[in-house]
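Shown here: upload24.cif, mmCIF, C-alpha atoms.
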```cif
data_protein
#
loop_
_atom_site.label_atom_id
_atom_site.label_comp_id
_atom_site.auth_asym_id
_atom_site.auth_seq_id
_atom_site.Cartn_x
_atom_site.Cartn_y
_atom_site.Cartn_z
CA MET A 4 -2.05 47.75 -23.63
CA GLN A 5 -3.22 44.53 -22.06
CA THR A 6 -0.89 42.76 -19.65
CA ILE A 7 -0.68 38.96 -19.51
CA ARG A 8 1.21 37.40 -16.67
CA THR A 9 1.77 33.96 -15.21
CA PHE A 10 2.67 34.80 -11.64
CA THR A 11 4.88 32.58 -9.53
CA ILE A 12 4.09 32.29 -5.84
CA LEU A 13 5.65 35.16 -3.96
CA CYS A 14 8.09 34.57 -1.10
CA VAL A 15 6.59 37.17 1.16
CA LEU A 16 3.32 37.35 3.04
CA GLY A 17 1.14 40.21 1.81
CA ALA A 18 -1.11 41.76 4.40
CA ALA A 19 -4.75 40.99 3.60
CA THR A 20 -7.13 43.76 4.54
CA MET A 21 -10.85 43.24 5.03
CA MET A 22 -12.92 44.90 2.33
CA THR A 23 -15.10 47.70 3.57
CA ASP A 24 -17.35 47.95 0.55
CA THR A 25 -20.09 45.64 -0.59
CA ALA A 26 -18.86 42.44 -2.21
CA HIS A 27 -19.65 38.90 -3.11
CA ALA A 28 -17.86 36.48 -0.83
CA CYS A 29 -17.58 33.66 -3.35
CA THR A 30 -15.26 30.70 -3.79
CA ARG A 31 -14.30 28.73 -6.92
CA VAL A 32 -12.42 25.38 -6.88
CA LEU A 33 -11.13 23.28 -9.78
CA HIS A 34 -10.14 19.63 -9.28
CA VAL A 35 -8.74 17.05 -11.69
CA PHE A 36 -9.34 13.40 -10.81
CA LYS A 37 -6.47 11.83 -12.74
CA GLU A 38 -7.47 8.18 -12.41
CA LYS A 39 -11.06 8.90 -13.44
CA LYS A 40 -9.86 11.39 -16.08
CA MET A 41 -12.49 13.75 -14.80
CA VAL A 42 -12.40 17.54 -14.38
CA VAL A 43 -14.81 19.19 -11.93
CA THR A 44 -15.25 22.86 -11.01
CA GLY A 45 -17.26 24.02 -7.98
CA ARG A 46 -18.40 27.50 -7.06
CA ASN A 47 -20.22 29.12 -4.11
CA MET A 48 -22.29 32.25 -4.55
CA ASP A 49 -22.32 34.31 -1.33
CA TRP A 50 -24.31 37.52 -1.23
CA TYR A 51 -26.29 39.57 1.27
CA VAL A 52 -29.39 39.63 -0.97
CA ARG A 53 -31.01 36.60 -2.57
CA TYR A 54 -31.64 37.16 -6.28
CA PRO A 55 -33.91 34.81 -8.26
CA SER A 56 -31.81 32.32 -10.22
CA SER A 57 -32.49 30.31 -13.35
CA PHE A 58 -30.73 28.00 -15.78
CA TRP A 59 -30.86 28.97 -19.45
CA LYS A 60 -30.11 26.67 -22.37
CA PHE A 61 -28.82 28.66 -25.33
CA PRO A 62 -28.29 26.96 -28.72
CA ARG A 63 -25.52 27.52 -31.23
CA GLY A 64 -26.01 30.22 -33.82
CA MET A 65 -27.56 32.93 -31.65
CA GLN A 66 -26.93 36.53 -32.68
CA ARG A 67 -25.48 38.40 -29.70
CA SER A 68 -24.67 41.95 -28.68
CA GLY A 69 -22.26 43.30 -26.08
CA LEU A 70 -25.04 45.74 -25.05
CA THR A 71 -22.82 48.80 -24.65
CA LYS A 72 -24.23 52.19 -25.66
CA VAL A 73 -21.52 52.76 -28.26
CA ASN A 74 -19.84 50.17 -30.47
CA PRO A 75 -21.18 47.00 -28.84
CA ALA A 76 -19.44 43.78 -29.80
CA ARG A 77 -21.55 41.57 -32.06
CA TRP A 78 -21.11 37.86 -32.55
CA LYS A 79 -22.84 34.61 -33.45
CA SER A 80 -22.51 31.90 -30.84
CA LYS A 81 -20.24 29.06 -31.96
CA TYR A 82 -21.18 26.83 -29.04
CA GLY A 83 -24.33 26.07 -27.12
CA SER A 84 -24.24 26.75 -23.40
CA LEU A 85 -25.97 26.17 -20.08
CA VAL A 86 -25.88 29.46 -18.17
CA LEU A 87 -26.87 30.34 -14.62
CA VAL A 88 -28.60 33.72 -14.67
CA GLN A 89 -29.53 35.97 -11.76
CA THR A 90 -32.28 38.55 -12.12
CA ALA A 91 -33.34 41.62 -10.14
CA ALA A 92 -35.50 44.61 -11.02
CA GLY A 93 -36.15 43.16 -14.46
CA GLN A 94 -32.44 43.04 -15.33
CA SER A 95 -30.36 39.88 -15.58
CA ALA A 96 -26.70 38.89 -15.57
CA ALA A 97 -24.94 35.67 -16.54
CA THR A 98 -22.87 34.69 -13.51
CA ASP A 99 -21.80 31.10 -14.26
CA GLY A 100 -22.00 28.67 -17.12
CA MET A 101 -20.60 25.76 -19.11
CA ASN A 102 -20.63 25.33 -22.86
CA GLU A 103 -20.93 22.11 -24.83
CA LYS A 104 -17.13 21.82 -25.09
CA GLY A 105 -16.74 21.77 -21.30
CA LEU A 106 -15.49 25.33 -20.91
CA VAL A 107 -16.68 26.82 -17.60
CA ALA A 108 -16.75 30.52 -16.70
CA ASN A 109 -17.53 32.14 -13.32
CA LEU A 110 -17.97 35.74 -12.19
CA LEU A 111 -16.75 36.69 -8.71
CA TYR A 112 -16.59 40.06 -6.99
CA LEU A 113 -13.25 41.87 -6.58
CA ALA A 114 -13.25 45.17 -4.72
CA GLU A 115 -9.86 46.18 -6.16
CA THR A 116 -11.13 46.09 -9.74
CA GLN A 117 -10.47 49.22 -11.80
CA TYR A 118 -11.79 48.85 -15.33
CA PRO A 119 -10.07 50.53 -18.26
CA LYS A 120 -11.43 53.87 -19.36
CA ARG A 121 -13.97 53.27 -22.11
CA ASP A 122 -12.33 53.31 -25.51
CA THR A 123 -15.16 53.34 -28.03
CA ALA A 124 -12.76 52.27 -30.78
CA LYS A 125 -12.90 48.85 -29.12
CA ALA A 126 -16.04 46.71 -29.21
CA GLY A 127 -17.68 46.70 -25.79
CA VAL A 128 -19.12 43.83 -23.75
CA THR A 129 -20.97 44.56 -20.52
CA THR A 130 -20.25 42.69 -17.32
CA SER A 131 -23.76 41.22 -17.54
CA VAL A 132 -22.90 39.28 -20.73
CA TYR A 133 -19.11 38.89 -20.47
CA ILE A 134 -19.48 35.29 -19.31
CA GLN A 135 -21.84 34.65 -22.22
CA TYR A 136 -19.29 36.09 -24.65
CA ILE A 137 -16.63 33.67 -23.41
CA LEU A 138 -18.90 30.62 -23.49
CA ASP A 139 -20.26 31.46 -26.95
CA ASN A 140 -16.87 31.87 -28.60
CA PHE A 141 -14.25 29.58 -27.06
CA ALA A 142 -13.76 25.85 -26.51
CA THR A 143 -10.64 25.99 -24.33
CA VAL A 144 -8.94 28.27 -21.85
CA LYS A 145 -6.03 28.79 -24.24
CA GLU A 146 -8.38 29.96 -27.00
CA ALA A 147 -10.01 32.43 -24.62
CA VAL A 148 -6.71 33.74 -23.26
CA ASP A 149 -5.23 34.13 -26.74
CA ALA A 150 -8.27 36.07 -27.94
CA LEU A 151 -8.66 38.27 -24.89
CA SER A 152 -4.94 39.09 -24.94
CA LYS A 153 -5.43 40.91 -28.25
CA ASP A 154 -7.27 43.62 -26.34
CA THR A 155 -9.89 44.18 -29.03
CA ILE A 156 -12.83 43.58 -26.69
CA GLN A 157 -13.37 45.91 -23.73
CA ILE A 158 -15.38 45.03 -20.65
CA VAL A 159 -17.89 47.69 -19.56
CA PRO A 160 -19.46 47.59 -16.06
CA VAL A 161 -23.16 47.79 -15.36
CA PRO A 162 -24.64 48.51 -11.91
CA ILE A 163 -25.57 45.72 -9.55
CA PRO A 164 -29.22 45.94 -8.47
CA ASN A 165 -29.69 47.58 -5.05
CA ILE A 166 -26.11 48.92 -5.05
CA ASP A 167 -24.99 52.43 -5.94
CA LYS A 168 -21.78 51.38 -7.65
CA PRO A 169 -20.69 49.39 -10.71
CA SER A 170 -20.07 45.67 -10.60
CA THR A 171 -16.36 45.28 -9.87
CA LEU A 172 -15.70 41.72 -10.95
CA HIS A 173 -13.04 39.23 -11.88
CA ILE A 174 -13.50 36.02 -13.85
CA SER A 175 -12.31 32.43 -13.69
CA ILE A 176 -12.34 30.06 -16.64
CA SER A 177 -11.47 26.37 -16.84
CA ASP A 178 -11.81 23.65 -19.46
CA ALA A 179 -12.13 19.90 -19.87
CA THR A 180 -8.35 19.43 -19.86
CA GLY A 181 -8.03 21.01 -16.40
CA ASP A 182 -6.52 24.24 -17.72
CA SER A 183 -7.36 27.40 -15.80
CA ALA A 184 -7.12 31.17 -16.00
CA ILE A 185 -8.02 34.07 -13.73
CA ILE A 186 -8.91 37.38 -15.40
CA GLU A 187 -8.63 40.62 -13.40
CA PHE A 188 -8.99 44.28 -14.31
CA LEU A 189 -6.46 46.27 -12.31
CA ASN A 190 -5.38 49.90 -12.70
CA GLY A 191 -7.19 50.11 -16.01
CA LYS A 192 -5.47 47.04 -17.49
CA THR A 193 -6.44 43.42 -18.01
CA VAL A 194 -4.28 40.96 -16.09
CA ILE A 195 -4.54 37.28 -16.94
CA HIS A 196 -3.08 34.54 -14.72
CA HIS A 197 -2.92 31.36 -16.81
CA SER A 198 -1.87 28.01 -15.34
CA LYS A 199 -3.35 24.64 -14.44
CA ALA A 200 -1.96 25.30 -10.96
CA TYR A 201 -4.51 28.08 -10.41
CA ASP A 202 -7.24 25.82 -9.09
CA VAL A 203 -8.73 28.07 -6.39
CA MET A 204 -10.09 31.61 -6.53
CA THR A 205 -11.92 33.74 -3.99
CA ASN A 206 -12.30 37.53 -3.71
CA SER A 207 -9.87 40.07 -2.26
CA PRO A 208 -6.97 40.49 -2.18
CA VAL A 209 -5.93 40.36 -5.84
CA PHE A 210 -4.88 36.94 -7.08
CA GLU A 211 -1.14 37.62 -6.87
CA LYS A 212 -1.46 38.33 -3.14
CA GLN A 213 -3.71 35.30 -2.64
CA LEU A 214 -0.90 33.12 -3.94
CA ALA A 215 1.50 34.73 -1.48
CA LEU A 216 -0.89 34.12 1.39
CA TYR A 217 -1.24 30.49 0.42
CA GLU A 218 2.53 29.96 0.40
CA TYR A 219 2.69 31.26 3.96
CA TRP A 220 -0.06 28.92 5.17
CA ASP A 221 1.25 25.98 3.17
CA GLU A 222 4.50 26.21 5.10
CA ILE A 223 2.60 26.12 8.40
CA GLY A 224 0.69 23.06 7.25
CA GLY A 225 -3.07 22.72 7.36
CA ASP A 226 -2.89 19.73 9.67
CA THR A 227 -1.47 22.07 12.30
CA PHE A 228 -3.72 25.07 11.88
CA LEU A 229 -6.02 26.61 9.26
CA PRO A 230 -7.59 30.10 9.26
CA GLY A 231 -11.27 29.67 9.97
CA THR A 232 -13.09 32.97 9.35
CA ARG A 233 -15.39 33.83 6.45
CA ARG A 234 -12.88 36.31 5.06
CA SER A 235 -11.89 35.79 1.47
CA ALA A 236 -8.20 35.19 2.20
CA ASP A 237 -9.07 32.55 4.81
CA ARG A 238 -11.47 30.80 2.47
CA PHE A 239 -8.77 30.73 -0.22
CA VAL A 240 -6.35 28.96 2.13
CA ARG A 241 -8.95 26.42 3.30
CA ALA A 242 -10.12 25.70 -0.23
CA LYS A 243 -6.55 25.15 -1.44
CA TYR A 244 -5.78 22.87 1.48
CA TYR A 245 -8.89 20.69 1.21
CA ASN A 246 -8.73 20.57 -2.58
CA LYS A 247 -5.13 19.37 -2.38
CA LYS A 248 -6.12 16.72 0.17
CA LEU A 249 -8.93 15.18 -1.88
CA PRO A 250 -8.29 11.48 -2.54
CA GLU A 251 -8.74 9.87 -5.93
CA ALA A 252 -12.43 9.12 -6.30
CA LYS A 253 -13.54 5.48 -6.31
CA ASN A 254 -16.48 6.26 -8.57
CA TYR A 255 -18.37 9.06 -10.27
CA ARG A 256 -20.64 9.75 -7.33
CA GLU A 257 -17.69 10.19 -4.99
CA ALA A 258 -15.92 12.58 -7.37
CA VAL A 259 -18.86 14.99 -7.49
CA ALA A 260 -19.45 14.66 -3.76
CA ALA A 261 -15.78 15.38 -3.01
CA VAL A 262 -15.79 18.75 -4.77
CA LEU A 263 -19.18 19.60 -3.28
CA ALA A 264 -17.71 18.84 0.17
CA VAL A 265 -14.93 21.40 -0.40
CA MET A 266 -17.51 23.98 -1.47
CA ARG A 267 -19.60 23.34 1.63
CA ASN A 268 -16.52 23.73 3.83
CA THR A 269 -15.92 27.22 2.43
CA SER A 270 -19.58 28.27 2.66
CA SER A 271 -21.06 30.85 5.02
CA PRO A 272 -24.12 29.96 7.12
CA PHE A 273 -27.19 32.15 7.39
CA GLY A 274 -26.69 35.29 9.44
CA ALA A 275 -27.69 38.92 9.73
CA PRO A 276 -26.88 40.43 6.30
CA ASP A 277 -24.58 43.42 6.30
CA PRO A 278 -23.81 45.02 2.92
CA ASN A 279 -20.71 46.66 4.39
CA LYS A 280 -19.19 43.40 5.67
CA PRO A 281 -18.72 40.81 2.95
CA ASN A 282 -17.34 38.32 5.46
CA THR A 283 -20.88 37.94 6.81
CA SER A 284 -22.44 37.25 3.41
CA THR A 285 -24.56 34.13 3.31
CA THR A 286 -24.01 31.36 0.78
CA GLN A 287 -27.03 31.45 -1.53
CA TRP A 288 -26.20 28.52 -3.78
CA ARG A 289 -23.48 26.17 -4.95
CA ILE A 290 -22.81 24.83 -8.41
CA VAL A 291 -20.56 21.92 -9.42
CA ASP A 292 -19.77 21.43 -13.12
CA ASP A 293 -18.56 18.07 -14.39
CA GLN A 294 -16.62 19.28 -17.43
CA THR A 295 -15.85 15.77 -18.64
CA HIS A 296 -19.39 14.42 -18.83
CA LEU A 297 -21.10 17.83 -19.22
CA ILE A 298 -23.34 17.60 -16.17
CA SER A 299 -24.09 20.62 -13.99
CA PHE A 300 -25.16 20.17 -10.35
CA TYR A 301 -26.93 22.98 -8.49
CA GLU A 302 -27.70 23.23 -4.77
CA SER A 303 -29.74 26.09 -3.32
CA THR A 304 -29.23 26.70 0.39
CA MET A 305 -33.01 27.15 0.55
CA SER A 306 -33.67 23.64 -0.73
CA PRO A 307 -32.90 20.19 0.69
CA SER A 308 -32.26 18.76 -2.78
CA VAL A 309 -29.43 18.88 -5.27
CA VAL A 310 -30.59 19.09 -8.89
CA TRP A 311 -28.61 18.41 -12.04
CA VAL A 312 -28.77 18.97 -15.78
CA LYS A 313 -27.29 16.60 -18.37
CA MET A 314 -26.17 18.84 -21.20
CA LYS A 315 -25.80 15.92 -23.61
CA ASP A 316 -29.58 15.46 -23.39
CA LEU A 317 -30.26 19.08 -24.39
CA ASP A 318 -30.65 20.24 -27.99
CA PHE A 319 -28.03 22.87 -28.82
CA SER A 320 -28.57 22.86 -32.60
CA GLU A 321 -29.05 26.21 -34.33
CA SER A 322 -32.74 25.55 -34.91
CA ALA A 323 -33.40 24.74 -31.25
CA PRO A 324 -35.16 27.32 -29.03
CA ALA A 325 -33.67 28.97 -25.98
CA GLN A 326 -35.15 27.42 -22.85
CA MET A 327 -35.29 28.30 -19.16
CA LEU A 328 -35.53 26.42 -15.87
CA ASP A 329 -36.70 28.34 -12.79
CA LEU A 330 -34.34 27.32 -9.98
CA GLU A 331 -36.54 28.99 -7.37
CA ASP A 332 -39.05 26.14 -7.70
CA PRO A 333 -38.78 24.31 -4.32
CA THR A 334 -40.18 21.08 -5.78
CA LEU A 335 -37.21 20.50 -8.05
CA SER A 336 -35.17 17.42 -7.25
CA GLY A 337 -32.71 15.15 -9.00
CA ASP A 338 -32.35 15.16 -12.78
CA VAL A 339 -34.21 18.24 -14.06
CA THR A 340 -32.99 18.11 -17.66
CA LYS A 341 -36.51 17.57 -19.01
CA HIS A 342 -37.98 20.48 -17.02
CA PHE A 343 -36.69 23.23 -19.30
CA LYS A 344 -39.38 25.29 -21.03
CA PRO A 345 -39.35 27.91 -23.81
CA SER A 346 -39.32 31.42 -22.40
CA LYS A 347 -39.39 35.05 -23.46
CA PRO A 348 -36.00 36.48 -24.49
CA ILE A 349 -33.80 37.29 -21.54
CA ARG A 350 -33.08 40.96 -20.73
CA TYR A 351 -29.44 41.26 -19.77
CA ALA A 352 -28.54 44.40 -17.83
CA ARG A 353 -27.28 47.40 -19.83
CA PRO A 354 -25.30 50.50 -18.84
CA VAL A 355 -27.49 53.27 -17.41
#
```
Spell out the structure here as structure tokens.
Amino acid sequence: MQTIRTFTILCVLGAATMMTDTAHACTRVLHVFKEKKMVVTGRNMDWYVRYPSSFWKFPRGMQRSGLTKVNPARWKSKYGSLVLVQTAAGQSAATDGMNEKGLVANLLYLAETQYPKRDTAKAGVTTSVYIQYILDNFATVKEAVDALSKDTIQIVPVPIPNIDKPSTLHISISDATGDSAIIEFLNGKTVIHHSKAYDVMTNSPVFEKQLALYEYWDEIGGDTFLPGTRRSADRFVRAKYYNKKLPEAKNYREAVAAVLAVMRNTSSPFGAPDPNKPNTSTTQWRIVDDQTHLISFYESTMSPSVVWVKMKDLDFSESAPAQMLDLEDPTLSGDVTKHFKPSKPIRYARPV
């Protein structure tokens, strides 16, 4: 049976241990600019291998499959979406995205993840398309949480390229109202943390312990001292502190830049990659989603330019084709909305 919880901040400091297995070292931040009535989500992707990335524009009305070997979920997309896809060895996974209603979903690594044992009576959705399933079907966080709480859809892991283990992940979702939820898979059960207060997410420890760690550091006060390493727990504390300190933006440009500044503060510079030490993972790219105006900003750490896509200028009607934008093109700069091109159908990763 699925478990849904809204955790309060614990009054004790949980000991955070450094992960010893391979992991993303990612950070996600949600900020609501009240005076501008603007909701912005930022995310860093940190990883010890650089995978080719691309934006995909998917229209409404697409027939989808959960891609599991037995009883895959099947659905028709209710909403068009702009999805960031990473590809390796001919297999792809949707890692981030925003749909035309302003719902944003992000995949982050969580070493503590323990998926439920496969129950083939439930329709399956692989980790490679789980983000796509959420973006295709829901307009708000509440809709997604209500549906996922019914426990009729089961997540099924697929391997990460170049790694001899399944993709142990957790998911953040946010919407245009500033609502937020964190979805974890712990001890074979789904745990959902649902609150607008949950504006920051990193990797280990599990989210409940991250909240406890933050309470400890919040009492110390970031103006006195902040933890400065690349470790997930330290990045969580810094992201919470700087996100809380952001001033009301004077204009649109400042609002986007403010969230991007927090993401840069929690980034990891280039260094010797070590698959056994996630705290040395390099930031590969950053994405900032304006969920109010439906604009997605992308910054590769291999490029001097930030690029952006205006979703309102894309055709998401059922008759429209799926289109792709290669984000590895070093000449991209500024507004790249018109650079999308039709492409062959994407091959999302399947269970081996």
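Here atom CA of Thr90 of chain A is placed at a distance of 26.0 Å from atom CA of Pro119 of chain A.
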Picked residues, the PyMOL selection byres ((chain A and resi 138) around 8), expected as a PyMOL selection string
chain A and resi 82-84+100-102+106-108+134-137+139-142
Selection under test: the PyMOL selection byres ((chain A and resi 243) around 9); residues as a ChimeraX atom specification:
/A:32,202-204,217,238-242,244-248
Kindly export the residues of the current selection with C-alpha atoms, as a PDB file, in the frame of the given file.
```pdb
ATOM      1  CA  VAL A  32     -12.420  25.380  -6.880  1.00  0.00           C
ATOM      2  CA  ASP A 202      -7.240  25.820  -9.090  1.00  0.00           C
ATOM      3  CA  VAL A 203      -8.730  28.070  -6.390  1.00  0.00           C
ATOM      4  CA  MET A 204     -10.090  31.610  -6.530  1.00  0.00           C
ATOM      5  CA  TYR A 217      -1.240  30.490   0.420  1.00  0.00           C
ATOM      6  CA  ARG A 238     -11.470  30.800   2.470  1.00  0.00           C
ATOM      7  CA  PHE A 239      -8.770  30.730  -0.220  1.00  0.00           C
ATOM      8  CA  VAL A 240      -6.350  28.960   2.130  1.00  0.00           C
ATOM      9  CA  ARG A 241      -8.950  26.420   3.300  1.00  0.00           C
ATOM     10  CA  ALA A 242     -10.120  25.700  -0.230  1.00  0.00           C
ATOM     11  CA  TYR A 244      -5.780  22.870   1.480  1.00  0.00           C
ATOM     12  CA  TYR A 245      -8.890  20.690   1.210  1.00  0.00           C
ATOM     13  CA  ASN A 246      -8.730  20.570  -2.580  1.00  0.00           C
ATOM     14  CA  LYS A 247      -5.130  19.370  -2.380  1.00  0.00           C
ATOM     15  CA  LYS A 248      -6.120  16.720   0.170  1.00  0.00           C
TER      16      LYS A 248
END
```
Since I can't run it myself right now, could you work out what the PyMOL selection byres ((chain A and resi 260) around 12) selects here and report it as a PyMOL selection string?
chain A and resi 34+43-45+249-259+261-267+290-293+300+302+309
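Restricting the calculation to all atoms listed in the file, the smallest distance between Tyr54 of chain A and any of A:Thr232, A:Gln287, A:Thr116, A:Ser322 is found for A:Gln287.
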Kindly indicate which residue among A:His196, A:Lys344, A:Lys153, A:Arg234 lies nearest to Pro208 of chain A, using only C-alpha atoms for the distances.
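Smallest separation from Pro208 of chain A among the options: A:Arg234.
Computed from the coordinates, the atom CA of Ala184 of chain A to atom CA of Thr304 of chain A distance equals 27.9 Å.
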Report as a compact mmCIF listing (two decimals) with C-alpha atoms, in the frame of the given file all protein, DNA and RNA residues lying within 7 Å of Asn74 of chain A, evaluated on all atoms listed in the file, omitting residues in the same chain fewer than 2 positions from it.
```txt
# COMPACT_ATOMS: atom_id res chain seq x y z
CA THR A 71 -22.82 48.80 -24.65
CA LYS A 72 -24.23 52.19 -25.66
CA ALA A 76 -19.44 43.78 -29.80
CA THR A 123 -15.16 53.34 -28.03
CA ALA A 126 -16.04 46.71 -29.21
CA GLY A 127 -17.68 46.70 -25.79
```
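Comparing A:Arg53, A:Lys60, A:Lys104, A:Lys40 by their smallest distance to Leu85 of chain A, the closest is A:Lys60 (using only C-alpha atoms).
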Hey, which of A:Arg77, A:Lys212, A:Arg350, A:Arg31 ends up closest to Ser183 of chain A? Count only C-alpha atoms.
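Among the listed residues, the smallest separation from Ser183 of chain A belongs to A:Arg31.
Shortest atom-to-atom contact with His342 of chain A among A:Pro307, A:Val312, A:Ala91, A:Glu115: A:Val312, counting only C-alpha atoms.
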Quick one: of A:Pro354, A:Pro272, A:Ile176, A:Phe188, who's nearest to Ser284 of chain A, counting all atoms listed in the file?
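Answer, going by the shortest atom-to-atom distance: A:Pro272.
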Please rebuild segment 101-108 of chain A with all heavy atoms and return the result as a PDB file, in the coordinates of the input.
```
ATOM      1  N   MET A 101     -21.463  26.740 -18.444  1.00  0.00           N
ATOM      2  CA  MET A 101     -20.600  25.760 -19.110  1.00  0.00           C
ATOM      3  C   MET A 101     -21.112  25.573 -20.527  1.00  0.00           C
ATOM      4  O   MET A 101     -22.325  25.480 -20.742  1.00  0.00           O
ATOM      5  CB  MET A 101     -20.631  24.432 -18.342  1.00  0.00           C
ATOM      6  CG  MET A 101     -19.833  23.314 -19.000  1.00  0.00           C
ATOM      7  SD  MET A 101     -19.494  21.894 -17.907  1.00  0.00           S
ATOM      8  CE  MET A 101     -21.151  21.365 -17.448  1.00  0.00           C
ATOM      9  N   ASN A 102     -20.184  25.561 -21.494  1.00  0.00           N
ATOM     10  CA  ASN A 102     -20.630  25.330 -22.860  1.00  0.00           C
ATOM     11  C   ASN A 102     -20.463  23.860 -23.238  1.00  0.00           C
ATOM     12  O   ASN A 102     -19.957  23.052 -22.457  1.00  0.00           O
ATOM     13  CB  ASN A 102     -19.951  26.278 -23.853  1.00  0.00           C
ATOM     14  CG  ASN A 102     -18.469  25.998 -24.053  1.00  0.00           C
ATOM     15  OD1 ASN A 102     -17.949  24.928 -23.761  1.00  0.00           O
ATOM     16  ND2 ASN A 102     -17.767  27.000 -24.572  1.00  0.00           N
ATOM     17  N   GLU A 103     -20.883  23.521 -24.435  1.00  0.00           N
ATOM     18  CA  GLU A 103     -20.930  22.110 -24.830  1.00  0.00           C
ATOM     19  C   GLU A 103     -19.545  21.514 -25.076  1.00  0.00           C
ATOM     20  O   GLU A 103     -19.433  20.307 -25.294  1.00  0.00           O
ATOM     21  CB  GLU A 103     -21.809  21.955 -26.075  1.00  0.00           C
ATOM     22  CG  GLU A 103     -21.389  22.789 -27.253  1.00  0.00           C
ATOM     23  CD  GLU A 103     -22.364  22.666 -28.417  1.00  0.00           C
ATOM     24  OE1 GLU A 103     -22.887  21.557 -28.648  1.00  0.00           O
ATOM     25  OE2 GLU A 103     -22.607  23.676 -29.099  1.00  0.00           O
ATOM     26  N   LYS A 104     -18.492  22.320 -25.011  1.00  0.00           N
ATOM     27  CA  LYS A 104     -17.130  21.820 -25.090  1.00  0.00           C
ATOM     28  C   LYS A 104     -16.500  21.625 -23.712  1.00  0.00           C
ATOM     29  O   LYS A 104     -15.346  21.217 -23.604  1.00  0.00           O
ATOM     30  CB  LYS A 104     -16.267  22.768 -25.923  1.00  0.00           C
ATOM     31  CG  LYS A 104     -16.694  22.864 -27.379  1.00  0.00           C
ATOM     32  CD  LYS A 104     -16.579  21.518 -28.082  1.00  0.00           C
ATOM     33  CE  LYS A 104     -16.948  21.628 -29.546  1.00  0.00           C
ATOM     34  NZ  LYS A 104     -16.807  20.320 -30.264  1.00  0.00           N
ATOM     35  N   GLY A 105     -17.250  21.940 -22.657  1.00  0.00           N
ATOM     36  CA  GLY A 105     -16.740  21.770 -21.300  1.00  0.00           C
ATOM     37  C   GLY A 105     -16.004  22.966 -20.755  1.00  0.00           C
ATOM     38  O   GLY A 105     -15.358  22.871 -19.703  1.00  0.00           O
ATOM     39  N   LEU A 106     -16.083  24.111 -21.440  1.00  0.00           N
ATOM     40  CA  LEU A 106     -15.490  25.330 -20.910  1.00  0.00           C
ATOM     41  C   LEU A 106     -16.431  25.932 -19.878  1.00  0.00           C
ATOM     42  O   LEU A 106     -17.627  26.101 -20.144  1.00  0.00           O
ATOM     43  CB  LEU A 106     -15.255  26.350 -22.034  1.00  0.00           C
ATOM     44  CG  LEU A 106     -14.573  27.655 -21.609  1.00  0.00           C
ATOM     45  CD1 LEU A 106     -13.101  27.407 -21.302  1.00  0.00           C
ATOM     46  CD2 LEU A 106     -14.724  28.725 -22.675  1.00  0.00           C
ATOM     47  N   VAL A 107     -15.905  26.247 -18.699  1.00  0.00           N
ATOM     48  CA  VAL A 107     -16.680  26.820 -17.600  1.00  0.00           C
ATOM     49  C   VAL A 107     -16.173  28.226 -17.320  1.00  0.00           C
ATOM     50  O   VAL A 107     -14.959  28.477 -17.338  1.00  0.00           O
ATOM     51  CB  VAL A 107     -16.581  25.953 -16.333  1.00  0.00           C
ATOM     52  CG1 VAL A 107     -17.088  26.697 -15.098  1.00  0.00           C
ATOM     53  CG2 VAL A 107     -17.370  24.661 -16.514  1.00  0.00           C
ATOM     54  N   ALA A 108     -17.103  29.149 -17.054  1.00  0.00           N
ATOM     55  CA  ALA A 108     -16.750  30.520 -16.700  1.00  0.00           C
ATOM     56  C   ALA A 108     -17.546  30.939 -15.471  1.00  0.00           C
ATOM     57  O   ALA A 108     -18.725  30.592 -15.341  1.00  0.00           O
ATOM     58  CB  ALA A 108     -17.008  31.469 -17.859  1.00  0.00           C
TER      59      ALA A 108
END
```
